[in-house]
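So this one's coords-v3.cif, mmCIF, C-alpha atoms:
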data_structure
#
loop_
_atom_site.label_atom_id
_atom_site.label_comp_id
_atom_site.auth_asym_id
_atom_site.auth_seq_id
_atom_site.Cartn_x
_atom_site.Cartn_y
_atom_site.Cartn_z
CA MET A 1 13.81 143.49 212.17
CA LEU A 2 15.49 146.23 210.19
CA GLU A 3 18.41 143.92 209.41
CA LEU A 4 16.01 141.31 208.03
CA ILE A 5 14.44 143.87 205.71
CA GLN A 6 17.86 145.05 204.55
CA ASP A 7 18.98 141.48 203.87
CA LEU A 8 15.81 140.72 201.95
CA TRP A 9 16.15 143.87 199.86
CA SER A 10 19.82 143.15 199.08
CA PHE A 11 18.90 139.59 198.08
CA MET A 12 16.21 140.83 195.71
CA ARG A 13 18.51 143.51 194.28
CA VAL A 14 21.49 141.20 193.68
CA ARG A 15 19.52 138.24 192.37
CA LYS A 16 17.07 140.39 190.32
CA LYS A 17 14.08 138.92 192.16
CA PHE A 18 11.98 142.08 192.23
CA TRP A 19 8.84 140.03 191.56
CA MET A 20 9.07 138.94 195.21
CA ALA A 21 8.45 142.48 196.51
CA PRO A 22 4.65 142.49 195.99
CA ILE A 23 4.38 139.05 197.60
CA VAL A 24 6.34 140.17 200.66
CA MET A 25 4.31 143.38 200.94
CA ALA A 26 1.01 141.47 200.71
CA MET A 27 2.14 139.04 203.40
CA LEU A 28 3.15 141.91 205.68
CA LEU A 29 -0.15 143.72 205.14
CA LEU A 30 -2.21 140.59 205.82
CA GLY A 31 -0.16 139.81 208.92
CA GLY A 32 -0.56 143.36 210.19
CA LEU A 33 -4.28 143.25 209.51
CA LEU A 34 -4.65 140.05 211.52
CA VAL A 35 -2.60 141.40 214.42
CA PHE A 36 -4.36 144.76 214.64
CA ALA A 37 -7.86 143.36 214.13
CA GLU A 38 -7.49 140.65 216.74
CA GLY A 39 -9.19 142.61 219.48
CA SER A 40 -11.56 144.66 217.36
CA VAL A 41 -15.17 144.28 216.36
CA ILE A 42 -14.34 143.32 212.77
CA ALA A 43 -12.27 140.29 213.80
CA PRO A 44 -15.03 137.72 213.10
CA PHE A 45 -15.42 139.06 209.56
CA ILE A 46 -11.69 138.90 208.86
CA TYR A 47 -11.34 135.36 210.16
CA THR A 48 -14.13 134.15 207.88
CA LEU A 49 -11.98 135.17 204.90
CA PHE A 50 -9.33 132.66 205.87
#

Do you think you could lay out the structure here as structure tokens?
Amino acid sequence: MLELIQDLWSFMRVRKKFWMAPIVMAMLLLGGLLVFAEGSVIAPFIYTLF
């Protein structure tokens, strides 16, 4: 996983694609939210958003 992050960062740095960083961070946060909220009480409210 760490190698993937390093490769992605080097790609963005070399190709000057820093606009991709907020998109990647948002995707990681949403994915983490879905994984951690899967077994919680707020899961039905999160799934209605999508």

Exercise. Write out as a VMD selection string the residues lying within 12 Å of A:Ile46, counting only C-alpha atoms and excluding same-chain residues fewer than 2 positions away.
Key: chain A and resid 30 to 31 33 to 44 48 to 50

Exercise. Could you give me, as a ChimeraX atom specification, the residues within 12 Å of A:Leu8, counting only C-alpha atoms and dropping anything in the same chain fewer than 4 positions from it?
Key: /A:1-4,12-18,20-21,24-25

I'd like the box whose edges run along x, y and z of the file and which contains every listed atom of stretch 20-32 of chain A, padded by 3 Å per side; could you state its centre and edge lengths in Å, one decimal, as AutoDock Vina command-line options?
--center_x 3.4 --center_y 141.3 --center_z 202.7 --size_x 17.3 --size_y 10.8 --size_z 21.0
